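One structure is given here, and the rest of the page talks about it.
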Amino acid sequence: MSVPILWEDANVIVVNKPAGILSTAPPEVPSVQAQLQTMLRQRSGAAAAQAVRLVHRLDRPVSGVLVAALSQRTARLLSEQFVSQKVEKRYLTWVEGEVDPAQGTWTDTMRKVPEEARAELVGEGVCGARAARLEYSVRERRMGQTLLEIQLQTGRMHQIRLQASSRRHPVLGDRLYGSEQSFGPEAEDPRAAAIALHAWRVVFRHPRTAKPVEIKAPLPPYWPRQTP
């Protein structure tokens, strides 16, 4: 599964991550990071290849914009932008049901479930609890489903997936959080199945020039064509 490059220069590479592949993984497991590292070796030779450092992650079943740095300093500067919430992150997602009102804010407290690869909503005093906030607007409705554009205000594990599901609007295809509807092509490995969540747009400051860089990722071909 190849990873399309959306934008690059001597410091940063931005790709359109396909659903079904891990962002990063141990050496023996395929990942976006490993593919980019292989590409750089082929371009410049093993001895001259720069190390690829991802500055954020997308869940395995999620597609869209993924940003990688080509030096330790660049990775640090970009990571600081993500941690301090200075990066604008917008997603598109099809969810079950009709979301009402047409725009709003979802605020919750959540945490990663200990020893499990999922998250849960909890009270503020629970160990590991962190605030989760996003803004959404309805882009389209069809046949009991809603297309949302989401702007993340925080970046928690499975945040969009959990916050939508907790309001009885699970992301299409997201079995982990209660979806009963299929989405995307069939996959032999259930872990590689796509869900209807796509990191559509990212805006960050270039770590060298401080100028804004805006990247949009085209939707996968199996998404409804009416969406941008």
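Letters for chains follow the order of the structure tokens (A, B, ...), residue numbers begin at 1 for each chain, and ligand numbers begin at 1 in the order shown.
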Write out as a compact mmCIF listing (two decimals) with C-alpha atoms, in the first residue's frame all residues of region 176-217 of chain A that backbone DSSP assigns to strand (DSSP E or B).
# COMPACT_ATOMS: atom_id res chain seq x y z
CA LEU A 197 -12.94 9.50 9.30
CA HIS A 198 -10.49 11.51 7.20
CA ALA A 199 -7.93 14.13 8.29
CA TRP A 200 -8.88 16.59 5.59
CA ARG A 201 -6.90 19.77 6.32
CA VAL A 202 -3.90 20.81 8.40
CA VAL A 203 -2.36 24.26 8.80
CA PHE A 204 0.97 24.68 10.58
CA ARG A 205 3.84 27.15 10.70
CA PRO A 212 1.77 29.15 7.33
CA VAL A 213 1.59 25.89 5.37
CA GLU A 214 -1.89 24.64 4.47
CA ILE A 215 -2.32 21.07 3.25
CA LYS A 216 -5.53 19.37 2.10
#### Entry: Selection: 12 Å around Thr38 (chain A), only C-alpha atoms, excl. self and same-chain fewer than 5 positions, as an MDAnalysis selection string
chainID A and resid 2:3 27 30:33 43:46 49:52
Residue set, region 17-215 of chain A restricted to alpha helix (DSSP H), as a compact mmCIF listing (two decimals) with N, CA and C atoms, in the first residue's frame:
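Contents of result_35.txt, freshly written:
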# COMPACT_ATOMS: atom_id res chain seq x y z
N VAL A 32 3.55 3.82 7.75
CA VAL A 32 3.84 5.00 6.94
C VAL A 32 5.28 5.45 7.17
N GLN A 33 5.71 5.48 8.41
CA GLN A 33 7.06 5.92 8.71
C GLN A 33 8.10 5.04 8.00
N ALA A 34 7.90 3.73 8.00
CA ALA A 34 8.84 2.82 7.35
C ALA A 34 8.85 3.03 5.83
N GLN A 35 7.67 3.27 5.25
CA GLN A 35 7.62 3.51 3.80
C GLN A 35 8.37 4.78 3.42
N LEU A 36 8.20 5.82 4.21
CA LEU A 36 8.90 7.07 3.92
C LEU A 36 10.41 6.90 4.08
N GLN A 37 10.81 6.15 5.09
CA GLN A 37 12.24 5.92 5.27
C GLN A 37 12.83 5.15 4.10
N THR A 38 12.10 4.15 3.61
CA THR A 38 12.55 3.39 2.44
C THR A 38 12.66 4.29 1.21
N MET A 39 11.67 5.16 1.03
CA MET A 39 11.68 6.08 -0.10
C MET A 39 12.92 6.98 -0.08
N LEU A 40 13.26 7.51 1.09
CA LEU A 40 14.43 8.38 1.21
C LEU A 40 15.72 7.62 0.93
N ARG A 41 15.78 6.38 1.36
CA ARG A 41 16.97 5.57 1.08
C ARG A 41 17.13 5.35 -0.42
N GLN A 42 16.03 5.11 -1.10
CA GLN A 42 16.08 4.88 -2.54
C GLN A 42 16.49 6.15 -3.28
N ARG A 43 16.08 7.30 -2.77
CA ARG A 43 16.41 8.57 -3.41
C ARG A 43 17.90 8.93 -3.24
N SER A 44 18.38 8.79 -2.01
CA SER A 44 19.69 9.35 -1.70
C SER A 44 20.74 8.34 -1.27
N GLN A 72 15.84 16.18 13.72
CA GLN A 72 15.41 16.22 15.12
C GLN A 72 14.91 17.61 15.50
N ARG A 73 15.59 18.64 15.03
CA ARG A 73 15.18 20.01 15.35
C ARG A 73 13.81 20.32 14.75
N THR A 74 13.61 19.95 13.48
CA THR A 74 12.32 20.19 12.83
C THR A 74 11.21 19.43 13.55
N ALA A 75 11.49 18.19 13.95
CA ALA A 75 10.50 17.40 14.68
C ALA A 75 10.12 18.07 15.99
N ARG A 76 11.11 18.61 16.69
CA ARG A 76 10.83 19.27 17.97
C ARG A 76 9.96 20.51 17.76
N LEU A 77 10.30 21.34 16.77
CA LEU A 77 9.55 22.57 16.53
C LEU A 77 8.12 22.28 16.09
N LEU A 78 7.94 21.28 15.22
CA LEU A 78 6.58 20.92 14.80
C LEU A 78 5.79 20.29 15.94
N SER A 79 6.44 19.42 16.71
CA SER A 79 5.75 18.77 17.83
C SER A 79 5.26 19.80 18.84
N GLU A 80 6.07 20.84 19.06
CA GLU A 80 5.65 21.90 19.98
C GLU A 80 4.38 22.58 19.50
N GLN A 81 4.24 22.74 18.18
CA GLN A 81 3.02 23.35 17.64
C GLN A 81 1.80 22.46 17.88
N PHE A 82 1.98 21.17 17.68
CA PHE A 82 0.87 20.25 17.91
C PHE A 82 0.49 20.20 19.38
N VAL A 83 1.48 20.11 20.27
CA VAL A 83 1.21 20.01 21.70
C VAL A 83 0.54 21.27 22.23
N GLN A 159 -10.30 10.52 19.98
CA GLN A 159 -11.22 11.54 20.48
C GLN A 159 -12.49 11.68 19.66
N ILE A 160 -12.36 11.90 18.36
CA ILE A 160 -13.55 12.08 17.53
C ILE A 160 -14.43 10.84 17.58
N ARG A 161 -13.81 9.69 17.49
CA ARG A 161 -14.55 8.42 17.47
C ARG A 161 -15.35 8.24 18.76
N LEU A 162 -14.74 8.51 19.89
CA LEU A 162 -15.42 8.33 21.17
C LEU A 162 -16.47 9.40 21.41
N GLN A 163 -16.14 10.65 21.13
CA GLN A 163 -17.11 11.71 21.40
C GLN A 163 -18.35 11.57 20.51
N ALA A 164 -18.16 11.17 19.26
CA ALA A 164 -19.32 10.96 18.38
C ALA A 164 -20.15 9.77 18.86
N SER A 165 -19.49 8.68 19.19
CA SER A 165 -20.20 7.47 19.62
C SER A 165 -20.98 7.71 20.91
N SER A 166 -20.41 8.48 21.83
CA SER A 166 -21.08 8.73 23.11
C SER A 166 -22.37 9.52 22.93
### Query
CA of Leu172 (chain A) to CA of Leu219 (chain A): how many Å, to one decimal?
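Computing it gives 15.1 Å between the two atoms.
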### Message
What's around Arg168 (chain A) at 10 Å? Count only C-alpha atoms, leave out sequence neighbours fewer than 4 positions away in its own chain, and write the answer as a list of chain:residue names.
### Response
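Result of the neighbour search: A:Val95, A:Glu96, A:Gly97, A:Glu98, A:Val99, A:Leu162, A:Gln163, A:Ala164, A:Tyr177, A:Gly178, A:Ser179.
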### Query
Do you know which residues are at most 7 Å from Leu152 (chain A) counting only C-alpha atoms, after dropping those on the same chain fewer than 2 positions away, and could you put them as a ChimeraX atom specification?
/A:89-90,133-135,150,154-155
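The two atoms in question, CA of Ser137 (chain A) and CA of Gly104 (chain A), are spaced 6.6 Å apart.
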### Task
Compile the contact shell of Ala217 (chain A) as a ChimeraX atom specification: residues with an atom at most 6 Å away, counting only C-alpha atoms, same-chain residues fewer than 5 positions apart removed.
/A:16,64-65,200
### Message
When you count only C-alpha atoms, which of these residues is closest to Ser182 (chain A): A:Val55, A:Arg156, A:Tyr222, A:Leu66?
### Response
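Among the listed residues, the smallest separation from Ser182 (chain A) belongs to A:Tyr222.
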### Query
Given the choices A:Val122, A:Ala68, A:Ala193, A:Ala132, which gets closest to Gln151 (chain A) if the distance is worked out from only C-alpha atoms?
A:Ala132
### Task
Just give me the gap between CA of Arg191 (chain A) and CA of Tyr91 (chain A) in Å, one decimal is fine.
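CA of Tyr91 (chain A) lies at a distance of 20.9 Å from CA of Arg191 (chain A).
Comparing A:Asn11, A:Gln153, A:Gln181, A:Thr107 by their smallest distance to Lys86 (chain A), the closest is A:Gln153 (using only C-alpha atoms).
The smallest atom-to-atom distance between Met143 (chain A) and any of A:His158, A:Trp94, A:Arg111, A:Pro101, using only C-alpha atoms, is found for A:Trp94.
Minimum atom-to-atom distance to Leu176 (chain A), evaluated using only C-alpha atoms, belongs to A:Arg118 out of A:Arg53, A:Arg118, A:Lys17, A:Arg225.
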### Task
Counting only C-alpha atoms, figure out which residue out of A:Leu147, A:Arg167, A:Ala69, A:Thr24 gets nearest to Arg57 (chain A).
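Among A:Leu147, A:Arg167, A:Ala69, A:Thr24, it is A:Thr24 that comes nearest to Arg57 (chain A).
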